[in-house]
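Asker: Got a structure for you, target_12.txt, holding compact mmCIF, C-alpha atoms.
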# COMPACT_ATOMS: atom_id res chain seq x y z
CA ALA A 243 -17.16 -7.48 -2.68
CA GLN A 244 -14.81 -5.09 -0.97
CA SER A 245 -14.07 -1.86 -2.77
CA VAL A 246 -12.46 1.48 -2.13
CA ALA A 247 -13.17 4.53 -4.27
CA GLN A 248 -11.09 7.66 -4.67
CA PRO A 249 -13.30 9.64 -7.02
CA GLU A 250 -10.68 12.22 -7.98
CA ASP A 251 -7.62 11.20 -9.95
CA GLN A 252 -6.14 14.66 -9.50
CA VAL A 253 -6.58 17.41 -6.93
CA ASN A 254 -4.99 20.82 -7.34
CA VAL A 255 -4.86 23.30 -4.50
CA ALA A 256 -3.03 26.56 -3.90
CA GLU A 257 -0.38 26.65 -1.23
CA GLY A 258 -1.84 27.77 2.08
CA ASN A 259 -5.36 26.68 1.21
CA PRO A 260 -7.10 23.76 2.88
CA LEU A 261 -7.05 20.47 1.04
CA THR A 262 -9.36 17.46 0.94
CA VAL A 263 -8.73 14.12 -0.71
CA LYS A 264 -11.84 11.98 -0.82
CA CYS A 265 -12.29 8.30 -0.08
CA THR A 266 -15.38 6.14 0.18
CA TYR A 267 -15.54 2.42 0.77
CA SER A 268 -17.80 -0.57 0.55
CA VAL A 269 -16.67 -3.19 3.05
CA SER A 270 -18.58 -5.51 5.33
CA GLY A 271 -18.50 -4.88 9.06
CA ASN A 272 -16.47 -2.16 10.73
CA PRO A 273 -13.22 -1.88 8.82
CA TYR A 274 -9.89 -0.36 9.71
CA LEU A 275 -9.12 2.63 7.47
CA PHE A 276 -5.74 3.95 6.40
CA TRP A 277 -4.13 6.69 4.36
CA TYR A 278 -0.74 6.28 2.72
CA VAL A 279 1.34 8.77 0.73
CA GLN A 280 3.75 8.02 -2.07
CA TYR A 281 6.40 10.56 -3.01
CA PRO A 282 8.21 10.21 -6.37
CA ASN A 283 10.51 7.19 -6.48
CA ARG A 284 9.61 6.26 -2.93
CA GLY A 285 7.57 3.57 -1.27
CA LEU A 286 4.28 4.09 0.49
CA GLN A 287 4.49 5.91 3.79
CA PHE A 288 1.83 5.53 6.46
CA LEU A 289 -0.01 8.76 7.29
CA LEU A 290 -2.82 7.84 9.66
CA LYS A 291 -5.43 5.25 10.54
CA TYR A 292 -8.89 4.94 12.01
CA ILE A 293 -9.57 1.97 14.24
CA THR A 294 -12.32 3.09 16.59
CA GLY A 295 -13.30 6.05 18.73
CA ASP A 296 -13.10 9.71 17.73
CA ASN A 297 -14.14 10.23 14.14
CA LEU A 298 -11.37 12.76 13.53
CA VAL A 299 -7.93 11.20 13.53
CA LYS A 300 -4.66 13.07 13.30
CA GLY A 301 -1.57 11.82 11.56
CA SER A 302 1.83 12.73 10.22
CA TYR A 303 2.79 16.03 8.57
CA GLY A 304 -0.30 17.85 9.85
CA PHE A 305 -2.78 15.62 8.05
CA GLU A 306 -6.05 14.49 9.55
CA ALA A 307 -8.95 12.40 8.35
CA GLU A 308 -12.61 12.31 9.18
CA PHE A 309 -14.46 9.03 9.43
CA ASN A 310 -18.15 9.14 8.57
CA LYS A 311 -19.87 5.82 9.15
CA SER A 312 -23.21 6.75 7.59
CA GLN A 313 -21.54 7.93 4.40
CA THR A 314 -18.84 5.22 4.54
CA SER A 315 -16.23 7.87 3.89
CA PHE A 316 -12.77 8.61 5.21
CA HIS A 317 -11.65 11.91 3.67
CA LEU A 318 -8.11 13.14 4.15
CA LYS A 319 -7.70 16.78 5.10
CA LYS A 320 -5.11 19.39 5.91
CA PRO A 321 -5.88 22.97 6.98
CA SER A 322 -3.04 24.59 5.04
CA ALA A 323 -1.37 22.87 2.09
CA LEU A 324 2.37 22.96 1.45
CA VAL A 325 4.11 22.53 -1.89
CA SER A 326 5.93 19.57 -0.31
CA ASP A 327 2.56 17.82 0.16
CA SER A 328 2.45 17.21 -3.59
CA ALA A 329 2.37 13.43 -3.95
CA LEU A 330 0.17 10.43 -4.70
CA TYR A 331 -2.25 9.54 -1.90
CA PHE A 332 -3.85 6.16 -1.36
CA CYS A 333 -6.79 5.25 0.81
CA ALA A 334 -6.81 1.65 2.07
CA VAL A 335 -9.26 -0.48 3.97
CA ARG A 336 -8.84 -3.67 5.97
CA PRO A 337 -12.03 -5.51 6.91
CA THR A 338 -12.32 -6.47 10.55
CA GLY A 339 -10.80 -9.89 11.13
CA ALA A 340 -9.00 -9.85 7.78
CA ASN A 341 -5.33 -9.31 7.10
CA ASN A 342 -5.44 -7.99 3.57
CA LEU A 343 -5.57 -4.37 2.55
CA PHE A 344 -7.79 -3.09 -0.24
CA PHE A 345 -6.55 0.05 -1.94
CA GLY A 346 -8.19 2.85 -3.84
CA THR A 347 -6.79 3.89 -7.20
CA GLY A 348 -4.92 6.86 -5.78
CA THR A 349 -5.28 10.63 -5.99
CA ARG A 350 -2.47 12.83 -7.20
CA LEU A 351 -2.30 16.00 -5.15
CA THR A 352 -0.56 19.01 -6.63
CA VAL A 353 -0.02 22.05 -4.44
CA ILE A 354 0.57 25.13 -6.52
CA PRO A 355 2.95 27.76 -5.14
CA GLU B 266 16.06 1.25 11.64
CA ALA B 267 12.83 -0.66 11.05
CA GLN B 268 12.43 -1.24 7.37
CA VAL B 269 11.34 -3.38 4.46
CA THR B 270 14.07 -3.77 1.87
CA GLN B 271 13.46 -4.73 -1.74
CA ASN B 272 16.02 -5.53 -4.38
CA PRO B 273 16.58 -4.59 -7.07
CA ARG B 274 15.00 -1.15 -7.26
CA TYR B 275 14.98 -1.18 -11.05
CA LEU B 276 15.07 -4.11 -13.43
CA ILE B 277 14.78 -4.45 -17.18
CA THR B 278 14.52 -7.99 -18.48
CA VAL B 279 13.44 -9.93 -21.54
CA THR B 280 10.36 -12.04 -21.97
CA GLY B 281 10.75 -15.52 -20.55
CA LYS B 282 13.87 -14.96 -18.47
CA LYS B 283 13.22 -16.04 -14.91
CA LEU B 284 13.76 -13.42 -12.23
CA THR B 285 13.44 -12.99 -8.49
CA VAL B 286 12.72 -9.83 -6.55
CA THR B 287 13.84 -10.11 -2.97
CA CYS B 288 12.09 -8.67 0.06
CA SER B 289 13.38 -8.64 3.60
CA GLN B 290 12.00 -7.07 6.80
CA ASN B 291 13.79 -6.59 10.11
CA MET B 292 10.72 -6.12 12.33
CA ASN B 293 9.91 -9.79 13.01
CA HIS B 294 6.53 -9.34 11.33
CA GLU B 295 4.41 -12.39 10.72
CA TYR B 296 2.48 -11.08 7.75
CA MET B 297 4.10 -10.19 4.42
CA SER B 298 2.61 -9.46 1.03
CA TRP B 299 3.37 -8.37 -2.51
CA TYR B 300 1.48 -5.76 -4.51
CA ARG B 301 1.73 -4.40 -7.99
CA GLN B 302 0.89 -0.80 -8.76
CA ASP B 303 -0.43 0.17 -12.17
CA PRO B 304 -1.75 3.57 -13.30
CA GLY B 305 -5.46 3.92 -12.68
CA LEU B 306 -5.65 0.61 -10.83
CA GLY B 307 -4.01 1.43 -7.52
CA LEU B 308 -2.28 -1.39 -5.66
CA ARG B 309 -3.42 -4.93 -6.20
CA GLN B 310 -2.31 -7.81 -4.04
CA ILE B 311 -0.39 -10.63 -5.72
CA TYR B 312 0.39 -13.03 -2.87
CA TYR B 313 0.54 -12.88 0.87
CA SER B 314 1.97 -14.94 3.70
CA MET B 315 0.61 -15.25 7.21
CA ASN B 316 3.81 -16.82 8.53
CA VAL B 317 6.67 -19.14 7.60
CA GLU B 318 5.62 -21.77 5.07
CA VAL B 319 2.10 -20.27 4.85
CA THR B 320 1.34 -18.46 1.60
CA ASP B 321 -1.84 -17.71 -0.31
CA LYS B 322 -3.00 -16.04 -3.50
CA GLY B 323 -4.12 -12.46 -3.61
CA ASP B 324 -6.18 -10.83 -6.32
CA VAL B 325 -3.71 -11.10 -9.23
CA PRO B 326 -1.47 -14.18 -8.65
CA GLU B 327 -1.19 -15.44 -12.24
CA GLY B 328 2.40 -15.59 -13.46
CA TYR B 329 3.93 -15.19 -10.01
CA LYS B 330 5.27 -17.46 -7.30
CA VAL B 331 6.41 -16.77 -3.76
CA SER B 332 8.07 -18.63 -0.93
CA ARG B 333 8.41 -18.03 2.80
CA LYS B 334 11.16 -20.23 4.17
CA GLU B 335 12.27 -17.69 6.75
CA LYS B 336 10.23 -15.16 8.65
CA ARG B 337 12.16 -12.15 7.40
CA ASN B 338 12.25 -12.99 3.67
CA PHE B 339 9.49 -13.16 1.09
CA PRO B 340 10.84 -13.31 -2.47
CA LEU B 341 8.65 -12.81 -5.53
CA ILE B 342 9.46 -15.09 -8.44
CA LEU B 343 8.51 -14.60 -12.07
CA GLU B 344 9.23 -17.91 -13.78
CA SER B 345 8.56 -16.64 -17.31
CA PRO B 346 8.00 -12.88 -17.29
CA SER B 347 5.79 -11.32 -19.92
CA PRO B 348 5.35 -7.66 -20.95
CA ASN B 349 2.04 -7.41 -19.07
CA GLN B 350 4.01 -7.89 -15.86
CA THR B 351 5.76 -4.58 -16.43
CA SER B 352 4.79 -2.70 -13.29
CA LEU B 353 5.88 -1.19 -9.99
CA TYR B 354 6.06 -3.82 -7.27
CA PHE B 355 5.84 -3.30 -3.53
CA CYS B 356 6.53 -5.64 -0.68
CA ALA B 357 4.86 -4.98 2.67
CA SER B 358 4.92 -6.46 6.14
CA ARG B 359 2.81 -6.12 9.26
CA GLN B 360 2.73 -7.43 12.78
CA THR B 361 -0.35 -9.53 13.38
CA GLN B 362 0.13 -11.55 16.56
CA GLY B 363 -1.08 -9.56 19.57
CA ALA B 364 -1.55 -6.43 17.45
CA PRO B 365 -4.60 -6.52 15.19
CA ASN B 366 -4.67 -2.79 14.50
CA THR B 367 -1.23 -2.17 13.13
CA GLU B 368 -0.47 -0.58 9.80
CA ALA B 369 1.60 -2.17 7.06
CA PHE B 370 5.16 -1.10 6.29
CA PHE B 371 6.16 -0.89 2.64
CA GLY B 372 9.41 -1.30 0.79
CA GLN B 373 10.78 1.29 -1.63
CA GLY B 374 9.40 -0.50 -4.66
CA THR B 375 10.85 -2.35 -7.64
CA ARG B 376 10.19 -0.98 -11.09
CA LEU B 377 10.17 -3.91 -13.49
CA THR B 378 10.16 -3.61 -17.25
CA VAL B 379 9.74 -6.72 -19.39
CA VAL B 380 10.59 -6.25 -23.07
Go through the file and emit its structure as structure tokens.
Answerer:
Amino acid sequence: AQSVAQPEDQVNVAEGNPLTVKCTYSVSGNPYLFWYVQYPNRGLQFLLKYITGDNLVKGSYGFEAEFNKSQTSFHLKKPSALVSDSALYFCAVRPTGANNLFFGTGTRLTVIP
Amino acid sequence: EAQVTQNPRYLITVTGKKLTVTCSQNMNHEYMSWYRQDPGLGLRQIYYSMNVEVTDKGDVPEGYKVSRKEKRNFPLILESPSPNQTSLYFCASRQTQGAPNTEAFFGQGTRLTVV
């Protein structure tokens, strides 16, 4: 069965510090991996994706994510957090050849001024 | 502007009163889907559609219906809503033909409360 795990419900980080939001997955084959962000009272906004190639992918708002095949992980990172980064972050996986997305349970990031 | 539009954004209704949440996309996407978001459970897929007149169940289809008569529209129908369908609903669309790697675009969400 396909599954996506975001082990931390909540991540707190001080403004200016680096942040990491963790994601691991259990999916057959070589999946496509995505990160989405949800701001209050807004829909999900696409941040970045990994399809193939370089394990470090860069996305919107200065975010990046590192794909690790051996650990089946796709952690979201940012070198210097901003208060405006505070939001709910979702990791999602789409198995190769499939059309459906499988989501993690979300991680609420709070950046403390 | 490319977008997925859901209506209404907020809805409070009573148990058993049929309702429809509309979803429309202006990107000519083939694939559309509905999700519900509940605390601690993330997003779970309700129904999806590969193209016009092609729909299929997702992970949590019970109590919901959908239709896809036109490519741009994918309404979600609750024939007899119950309180356990109180949730935040998202519609999404994605291009699939000739573009297997694309990301999904999401609507703004519909917060439904069934009392």
Asker: Could you give me, as a PyMOL selection string, the residues within 6 Å of A:Val353, counting all atoms listed in the file and dropping anything in the same chain fewer than 4 positions from it?
Answerer: chain A and resi 254-257+325+328
Asker: Any chance you could export the current selection's C-alpha atoms as a compact mmCIF listing (two decimals), in the frame of the given file?
Answerer:
# COMPACT_ATOMS: atom_id res chain seq x y z
CA ASN A 254 -4.99 20.82 -7.34
CA VAL A 255 -4.86 23.30 -4.50
CA ALA A 256 -3.03 26.56 -3.90
CA GLU A 257 -0.38 26.65 -1.23
CA VAL A 325 4.11 22.53 -1.89
CA SER A 328 2.45 17.21 -3.59
Asker: Excluding stretch 267-272 of chain B and its own-chain neighbours fewer than 5 positions away, which residues fall within 8 Å of it when counting all atoms listed in the file? Please give them as a PyMOL selection string.
Answerer: chain B and resi 286-292+355-358+370-375
Asker: For atom CA of A:Pro249 and atom CA of A:Arg284, determine how far apart the two atoms are, in Å to one decimal place.
Answerer: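 Atom-to-atom, atom CA of A:Pro249 to atom CA of A:Arg284, that is 23.5 Å.
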Asker: If you take only C-alpha atoms and a cut-off of 7 Å, which residues of chain A touch chain B, and what are their nearest atom pairs and distances in Å to one decimal, in chain and number order, as a Markdown table?
Answerer:
| residue | atom | partner | partner_atom | distance |
| --- | --- | --- | --- | --- |
| A:Arg284 | CA | B:Gln373 | CA | 5.3 |
| A:Gly285 | CA | B:Gln373 | CA | 4.0 |
| A:Leu286 | CA | B:Phe371 | CA | 5.7 |
| A:Ile293 | CA | B:Asn366 | CA | 6.8 |
| A:Phe345 | CA | B:Leu308 | CA | 5.8 |
| A:Gly346 | CA | B:Gly307 | CA | 5.7 |
| A:Thr347 | CA | B:Gly307 | CA | 3.7 |
| A:Gly348 | CA | B:Gly307 | CA | 5.8 |
Asker: Identify which of the residues A:Leu261, A:Ser245, A:Ser268, A:Asn341 lies closest to A:Ser312, counting only C-alpha atoms when measuring atom-to-atom distances.
Answerer: A:Ser268
Asker: Which residue is closest to A:Ala247? Choose from A:Gly271, A:His317, A:Asn259, A:Asn342 and count all atoms listed in the file.
Answerer: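 When distances to A:Ala247 are compared using all atoms listed in the file, the smallest one comes from A:His317.
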Asker: So how many Å separate atom CA of A:Cys333 and atom CA of A:Tyr278, to one decimal?
Answerer: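 Result for atom CA of A:Cys333 versus atom CA of A:Tyr278: 6.4 Å, one decimal.
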Asker: Enclose the full set of atoms of stretch 333-346 of chain A listed in the file within a box whose edges lie along x, y and z, apply 8 Å of padding to each of the six sides, and report centre and edge lengths in Å to one decimal as AutoDock Vina command-line options.
Answerer:
--center_x -8.8 --center_y -2.3 --center_z 3.6 --size_x 23.0 --size_y 31.1 --size_z 31.0
Asker: Suppose you want the space between atom CA of A:Gly339 and atom CA of A:Trp277; what is it in Å?
Answerer: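 Going from atom CA of A:Gly339 over to atom CA of A:Trp277, I get 19.1 Å.
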Asker: Which of these, A:Ala307, A:Ile354, A:Val335, A:Val253, has the shortest distance to A:Lys320 once you count only C-alpha atoms?
Answerer: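 Comparing A:Ala307, A:Ile354, A:Val335, A:Val253 against A:Lys320, the winner is A:Ala307.
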Asker: Give as a list in words each residue that has an atom at most 8 Å from (5.0, -12.4, -10.7) in the file, counting all atoms listed in the file.
Answerer: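 Taken together, the residues in range are Ile311, Pro326, Glu327, Gly328, Tyr329, Lys330, Leu341, Ile342, Leu343, Glu344, Pro346 and Gln350 of chain B.
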